[in-house]
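One file, start_19.cif, carrying mmCIF, C-alpha atoms and all ligand atoms:
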data_upload
loop_
_atom_site.label_atom_id
_atom_site.label_comp_id
_atom_site.auth_asym_id
_atom_site.auth_seq_id
_atom_site.Cartn_x
_atom_site.Cartn_y
_atom_site.Cartn_z
CA MET A 1 -66.49 -66.17 85.65
CA GLU A 2 -63.50 -68.29 85.71
CA ASN A 3 -60.44 -66.64 85.10
CA THR A 4 -59.08 -68.47 82.19
CA GLY A 5 -55.81 -66.67 82.62
CA THR A 6 -56.88 -64.65 79.91
CA SER A 7 -58.23 -61.98 82.05
CA ASP A 8 -57.88 -58.62 80.65
CA SER A 9 -54.97 -57.94 82.81
CA GLY A 10 -53.39 -61.35 82.27
CA PHE A 11 -54.04 -61.33 78.65
CA ASP A 12 -52.88 -57.86 78.49
CA ALA A 13 -49.83 -58.72 80.50
CA SER A 14 -49.21 -61.76 78.36
CA TYR A 15 -49.99 -59.79 75.29
CA LYS A 16 -47.91 -56.89 76.44
CA GLY A 17 -45.15 -59.27 77.32
CA PHE A 18 -45.43 -60.80 73.89
CA ASP A 19 -45.48 -57.35 72.33
CA GLN A 20 -42.61 -56.10 74.43
CA ASP A 21 -40.35 -58.87 73.23
CA SER A 22 -41.43 -58.29 69.73
CA ALA A 23 -40.85 -54.55 70.10
CA ASP A 24 -37.48 -55.17 71.67
CA ASP A 25 -36.55 -57.51 68.86
CA HIS A 26 -37.77 -54.99 66.42
CA PHE A 27 -35.84 -52.24 68.15
CA VAL A 28 -32.69 -54.32 68.14
CA SER A 29 -33.18 -55.13 64.50
CA ASP A 30 -33.72 -51.47 63.60
CA HIS A 31 -30.76 -50.42 65.63
CA GLN A 32 -28.55 -52.97 63.90
CA ASP A 33 -29.87 -51.92 60.51
CA SER A 34 -29.11 -48.33 61.35
CA LYS A 35 -25.60 -49.22 62.40
CA VAL A 36 -25.09 -51.27 59.24
CA ARG A 37 -26.53 -48.45 57.20
CA ASP A 38 -24.31 -45.93 58.98
CA ARG A 39 -21.31 -48.14 58.40
CA TYR A 40 -22.34 -48.63 54.83
CA LEU A 41 -22.78 -44.90 54.45
CA ARG A 42 -19.44 -44.22 56.04
CA LEU A 43 -17.88 -46.76 53.70
CA ASN A 44 -19.66 -45.08 50.82
CA ASP A 45 -18.46 -41.67 52.03
CA VAL A 46 -14.87 -42.82 52.26
CA SER A 47 -15.10 -44.32 48.80
CA TYR A 48 -16.75 -41.15 47.50
CA ILE A 49 -14.15 -38.93 49.12
CA LYS A 50 -11.40 -41.12 47.75
CA ASN A 51 -12.86 -40.84 44.30
CA GLU A 52 -13.28 -37.11 44.70
CA LEU A 53 -9.73 -36.81 45.97
CA SER A 54 -8.45 -38.87 43.09
CA GLN A 55 -10.42 -36.69 40.66
CA LEU A 56 -9.09 -33.54 42.29
CA GLN A 57 -5.56 -34.85 42.06
CA ASP A 58 -6.11 -35.66 38.39
CA ASP A 59 -7.53 -32.18 37.83
CA TYR A 60 -4.61 -30.65 39.69
CA MET A 61 -2.09 -32.61 37.62
CA THR A 62 -3.92 -31.63 34.43
CA THR A 63 -3.87 -27.97 35.49
CA ILE A 64 -0.16 -28.14 36.33
CA GLN A 65 0.53 -29.77 32.98
CA SER A 66 -1.52 -27.12 31.17
CA ARG A 67 0.32 -24.37 33.04
CA ASP A 68 3.71 -25.87 32.14
CA GLU A 69 2.65 -26.19 28.50
CA ALA A 70 1.46 -22.57 28.53
CA LYS A 71 4.80 -21.46 30.04
CA THR A 72 6.69 -23.43 27.40
CA MET A 73 4.52 -21.88 24.67
CA LEU A 74 5.05 -18.39 26.11
CA THR A 75 8.81 -18.88 26.28
CA ARG A 76 8.80 -20.09 22.68
CA GLN A 77 6.73 -17.10 21.54
CA ILE A 78 9.02 -14.67 23.40
CA LYS A 79 12.02 -16.22 21.64
CA GLN A 80 10.23 -16.00 18.29
CA ARG A 81 9.42 -12.35 18.96
CA GLU A 82 13.08 -11.67 19.80
CA ILE A 83 14.10 -13.36 16.56
CA ILE A 84 11.52 -11.31 14.60
CA ASN A 85 12.72 -8.07 16.26
CA TRP A 86 16.33 -8.93 15.51
CA ASP A 87 15.41 -9.76 11.92
CA LEU A 88 13.51 -6.45 11.64
CA GLU A 89 16.51 -4.47 12.91
CA HIS A 90 18.74 -6.41 10.55
CA GLN A 91 16.41 -5.59 7.62
CA LYS A 92 16.44 -1.89 8.61
CA ARG A 93 20.25 -1.85 8.68
CA ARG A 94 20.34 -3.66 5.36
CA THR A 95 17.90 -1.14 3.85
CA ARG A 96 20.12 1.72 5.04
CA ASP A 97 23.14 -0.03 3.53
CA TYR A 98 21.25 -0.58 0.27
CA ASN A 99 20.25 3.09 0.13
CA ALA A 100 23.87 4.12 0.70
CA GLN A 101 24.95 1.74 -2.04
CA ILE A 102 22.27 3.10 -4.39
CA LEU A 103 23.60 6.64 -3.85
CA LYS A 104 27.14 5.41 -4.45
CA ILE A 105 26.10 3.58 -7.63
CA GLN A 106 24.20 6.63 -8.86
CA GLY A 107 27.34 8.70 -8.37
CA ALA A 108 29.48 6.10 -10.16
CA ASN A 109 26.89 5.92 -12.94
CA ALA A 110 27.01 9.69 -13.40
CA ALA A 111 30.81 9.51 -13.54
CA ILE A 112 30.65 6.77 -16.19
CA ARG A 113 28.16 8.78 -18.23
CA ALA A 114 30.50 11.74 -17.93
CA ASN A 115 33.34 9.68 -19.37
CA LEU A 116 31.32 8.10 -22.18
CA PRO A 117 32.02 10.98 -24.57
CA LEU A 118 35.71 10.32 -24.01
CA ILE A 119 35.20 6.89 -25.58
CA GLU A 120 32.74 8.00 -28.26
CA ASP A 121 34.86 11.00 -29.23
CA GLY A 122 38.10 9.09 -29.10
CA CYS A 123 39.24 10.83 -32.25
CA LYS A 124 39.05 14.21 -30.49
CA HIS A 125 41.30 15.54 -27.81
CA CYS A 126 41.87 18.38 -25.37
CA LEU A 127 44.90 20.60 -24.91
CA PRO A 128 47.62 19.32 -22.52
CA GLY A 129 46.55 19.86 -18.93
CA TRP A 130 42.85 19.96 -19.88
CA MET A 131 40.22 17.29 -19.15
CA LEU A 132 37.53 15.88 -21.43
CA LEU A 133 34.28 15.60 -19.49
CA ASN A 134 30.76 15.44 -20.93
CA THR A 135 31.89 16.21 -24.52
CA MET A 136 33.75 19.34 -23.41
CA CYS A 137 37.33 20.14 -22.44
CA TYR A 138 37.86 21.85 -19.06
CA PHE A 139 40.79 23.56 -17.45
CA LEU A 140 41.11 24.25 -13.72
CA PRO A 141 44.09 26.36 -12.64
CA LEU A 142 44.63 24.28 -9.51
CA SER A 143 48.32 25.11 -9.08
CA ASP A 144 49.16 27.60 -6.32
CA SER A 145 51.50 29.28 -8.80
CA ILE A 146 48.48 30.54 -10.72
CA ASN A 147 47.02 33.60 -9.01
CA ARG A 148 43.33 34.02 -8.32
CA ARG A 149 41.53 36.55 -10.47
CA SER A 150 38.34 38.56 -10.71
CA TRP A 151 35.49 37.06 -12.75
CA GLN A 152 36.26 39.28 -15.73
CA ASP A 153 40.05 38.64 -15.66
CA ALA A 154 39.40 34.91 -15.36
CA ARG A 155 37.17 35.03 -18.41
CA THR A 156 39.87 36.90 -20.29
CA GLN A 157 42.37 34.17 -19.41
CA CYS A 158 40.02 31.52 -20.79
CA ARG A 159 39.42 33.45 -24.00
CA ARG A 160 43.14 33.78 -24.62
CA GLN A 161 43.20 30.00 -25.00
CA GLY A 162 40.19 29.90 -27.33
CA ALA A 163 37.89 28.98 -24.45
CA ASP A 164 35.45 30.69 -22.08
CA LEU A 165 34.19 30.33 -18.53
CA ALA A 166 32.34 27.04 -17.99
CA ILE A 167 28.59 26.65 -18.40
CA LEU A 168 27.51 24.01 -15.87
CA ASN A 169 23.93 23.54 -17.06
CA SER A 170 23.46 19.86 -16.22
CA ARG A 171 23.80 17.65 -13.16
CA GLU A 172 26.42 15.53 -14.94
CA LYS A 173 28.62 18.55 -15.65
CA GLN A 174 28.19 19.94 -12.13
CA LEU A 175 28.98 16.55 -10.55
CA SER A 176 32.06 15.95 -12.72
CA LEU A 177 33.59 19.39 -12.10
CA SER A 178 32.63 19.41 -8.43
CA ARG A 179 34.44 16.10 -7.93
CA GLN A 180 37.57 17.42 -9.58
CA ILE A 181 37.50 20.48 -7.33
CA SER A 182 36.81 18.54 -4.14
CA ALA A 183 39.56 16.02 -4.92
CA GLN A 184 42.12 18.83 -5.17
CA HIS A 185 40.77 20.92 -2.29
CA ASP A 186 43.22 22.08 0.36
CA GLY A 187 41.26 21.72 3.61
CA SER A 188 43.34 24.39 5.36
CA ARG A 189 42.19 27.05 2.90
CA GLN A 190 39.28 29.29 3.84
CA MET A 191 36.07 28.40 2.00
CA TYR A 192 35.57 31.95 0.66
CA GLN A 193 38.92 31.58 -1.16
CA SER A 194 38.19 28.08 -2.47
CA GLY A 195 35.66 28.93 -5.18
CA PHE A 196 35.98 28.61 -8.96
CA TRP A 197 34.28 31.15 -11.18
CA ILE A 198 31.76 29.81 -13.68
CA GLY A 199 30.20 31.66 -16.62
CA LEU A 200 27.12 32.86 -14.72
CA ARG A 201 26.12 36.40 -13.66
CA ASP A 202 23.12 38.53 -12.65
CA ASP A 203 24.83 41.86 -13.35
CA GLU A 204 22.26 43.02 -15.92
CA GLU A 205 19.20 42.41 -13.76
CA GLU A 206 19.45 41.54 -10.10
CA GLY A 207 18.24 38.01 -9.46
CA HIS A 208 18.05 37.11 -13.17
CA TRP A 209 21.00 34.77 -13.63
CA LYS A 210 22.27 34.31 -17.17
CA TRP A 211 25.06 32.20 -18.60
CA ARG A 212 27.77 34.03 -20.49
CA ASP A 213 26.20 32.85 -23.82
CA GLY A 214 23.00 34.80 -22.94
CA THR A 215 20.86 31.80 -21.90
CA SER A 216 18.95 32.05 -18.63
CA LEU A 217 19.73 29.77 -15.71
CA VAL A 218 17.22 26.91 -15.44
CA GLU A 219 18.59 24.73 -12.63
CA GLY A 220 21.02 26.19 -10.09
CA TYR A 221 23.16 24.21 -7.67
CA TRP A 222 23.24 26.90 -4.99
CA ASN A 223 24.40 26.34 -1.43
CA GLU A 224 21.83 26.85 1.34
CA GLY A 225 20.90 30.55 1.61
CA GLU A 226 22.51 31.46 -1.72
CA PRO A 227 22.40 33.47 -3.86
CA ASN A 228 22.05 36.28 -1.29
CA ASP A 229 23.68 39.28 -3.06
CA GLU A 230 25.08 40.08 0.37
CA LEU A 231 27.88 42.40 -0.81
CA GLY A 232 26.46 43.30 -4.20
CA GLU A 233 27.31 39.84 -5.51
CA ASP A 234 26.63 39.39 -9.22
CA CYS A 235 29.00 36.57 -10.22
CA ALA A 236 28.68 32.86 -9.45
CA ALA A 237 31.32 30.37 -8.38
CA THR A 238 31.26 26.69 -7.44
CA TYR A 239 32.94 25.50 -4.22
CA PRO A 240 34.18 22.17 -2.82
CA ARG A 241 31.10 21.05 -0.87
CA ASP A 242 30.02 17.63 0.41
CA ASN A 243 26.86 17.90 -1.66
CA PRO A 244 27.91 18.79 -5.22
CA PHE A 245 24.41 20.08 -5.95
CA HIS A 246 24.56 22.62 -3.13
CA ALA A 247 27.90 24.07 -4.11
CA TRP A 248 27.34 27.49 -5.71
CA ASN A 249 27.63 30.95 -4.16
CA ASP A 250 27.24 34.43 -5.55
CA ALA A 251 30.29 36.59 -4.77
CA PRO A 252 31.47 40.10 -5.65
CA CYS A 253 32.73 39.91 -9.25
CA GLY A 254 36.03 41.62 -8.28
CA HIS A 255 36.79 39.00 -5.62
CA PRO A 256 39.93 36.95 -6.51
CA LEU A 257 39.08 33.28 -7.14
CA LYS A 258 40.20 30.36 -9.29
CA TRP A 259 38.05 29.58 -12.33
CA ILE A 260 36.96 26.89 -14.79
CA CYS A 261 37.62 27.29 -18.51
CA GLU A 262 35.64 25.33 -21.10
CA MET A 263 36.15 24.66 -24.79
CA ARG A 264 35.08 22.11 -27.40
CA PRO A 265 37.46 19.23 -28.07
CA ILE A 266 39.88 19.63 -30.96
CA SER A 267 39.44 17.16 -33.84
CA ARG A 268 42.53 15.17 -34.84
CA SER A 269 43.33 15.57 -38.49
CA CA A 301 23.40 39.76 -7.47
CA CA A 302 26.65 35.02 -1.61
#

Take the structure in this file and express it as structure tokens.
Amino acid sequence: MENTGTSDSGFDASYKGFDQDSADDHFVSDHQDSKVRDRYLRLNDVSYIKNELSQLQDDYMTTIQSRDEAKTMLTRQIKQREIINWDLEHQKRRTRDYNAQILKIQGANAAIRANLPLIEDGCKHCLPGWMLLNTMCYFLPLSDSINRRSWQDARTQCRRQGADLAILNSREKQLSLSRQISAQHDGSRQMYQSGFWIGLRDDEEEGHWKWRDGTSLVEGYWNEGEPNDELGEDCAATYPRDNPFHAWNDAPCGHPLKWICEMRPISRS
């Protein structure tokens, strides 16, 4: 058989040669595609990373801005809290001041009420040296030239003038007389010598305090711990104390003290 050049081996060689070229071409083409694809991917990666980086930077800037805004807000709230605290302290001080003023006004009001009878009873008067307070005339022997006396001797002195020892059976009376006593008080004098007898005793029955007109005591303005009957004390006196409603003490009736006389005003005629 004539070899037509297409023998198996020749054909194969030719065929293989043809295939080899084609395979090489194909290989080259694939390799180039891969390189293009790799380059494309790398380009895509760079672009992606750039975008990601840009996004991260934006996020970072947004976070920084949020943090700064939060700091500004916190600073503002701290200042507001300081203002509120200051305002609260100010309100507390003002409340204390108001309470002090209320007490002062209450005292002034009581003093005005005490003097009202002086206006209403303008046609009546007290003896020279006496004071008109709460519809009654009072005498306090404040002068050092007037000796202190026992409760009974003091009462006798009052009666000689048509009066008697004072009955301080209301807060207005106690406040008015206590103020007079405190205003004249000599601070160097011992407290036990600074009392003024009032018309109150418990000599008939221990602990049962009665005014000199026979009425029982309803509201007493005793100092802390009094009356204590410490030395057989059956007569009451009022003293110059800071609190006029804690001013009484029971003392021995023979103890020498000043006193308060009381009598009704005299009508002018
Ligand atoms: Ca007593
Ligand atoms: Ca006492």

At most 10 Å from ligand CA 301 (chain A) (all atoms listed in the file): residue list as a ChimeraX atom specification: /A:201-209,227-236,250-253

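CA of Phe139 (chain A) lies 22.0 Å from CA of Leu217 (chain A).
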
Per-residue nearest contacts region 124-243 of chain A to region 89-110 of chain A, cut-off 12 Å, using all atoms listed in the file, as JSON lines:
{"residue": "A:Leu133", "atom": "CA", "partner": "A:Ala110", "partner_atom": "CA", "distance": 11.2}
{"residue": "A:Asn134", "atom": "CA", "partner": "A:Ala110", "partner_atom": "CA", "distance": 10.2}
{"residue": "A:Ser170", "atom": "CA", "partner": "A:Ala110", "partner_atom": "CA", "distance": 11.1}
{"residue": "A:Arg171", "atom": "CA", "partner": "A:Ala110", "partner_atom": "CA", "distance": 8.6}
{"residue": "A:Glu172", "atom": "CA", "partner": "A:Ala110", "partner_atom": "CA", "distance": 6.1}
{"residue": "A:Lys173", "atom": "CA", "partner": "A:Ala110", "partner_atom": "CA", "distance": 9.3}
{"residue": "A:Gln174", "atom": "CA", "partner": "A:Ala110", "partner_atom": "CA", "distance": 10.4}
{"residue": "A:Leu175", "atom": "CA", "partner": "A:Ala110", "partner_atom": "CA", "distance": 7.7}
{"residue": "A:Ser176", "atom": "CA", "partner": "A:Ala110", "partner_atom": "CA", "distance": 8.1}
{"residue": "A:Leu177", "atom": "CA", "partner": "A:Ala110", "partner_atom": "CA", "distance": 11.8}
{"residue": "A:Ser178", "atom": "CA", "partner": "A:Gly107", "partner_atom": "CA", "distance": 11.9}
{"residue": "A:Arg179", "atom": "CA", "partner": "A:Gly107", "partner_atom": "CA", "distance": 10.3}
{"residue": "A:Asn243", "atom": "CA", "partner": "A:Gly107", "partner_atom": "CA", "distance": 11.4}

For Ala247 (chain A): contacts at 6 Å, only C-alpha atoms, fewer than 6 positions along chain excluded, given as a list in words: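 The residues that qualify are Tyr221, Trp222, Asn223, Thr238, Tyr239 and Arg241 of chain A.
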
Of the listed residues A:Leu257, A:Leu53, A:Ile266, A:Met73, that which approaches Leu140 (chain A) most closely, counting only C-alpha atoms: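 For Leu140 (chain A), the nearest of the candidates is A:Leu257.
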
Interatomic distance (Å, one decimal) between CA of Glu262 (chain A) and CA of Tyr192 (chain A): 22.7 Å

Residues within 10 Å of Ile198 (chain A), all atoms listed in the file, excluding chain neighbours under 3 positions, as a PyMOL selection string: chain A and resi 151+154-155+164-168+195+201+211-212+235-238+248+258-262
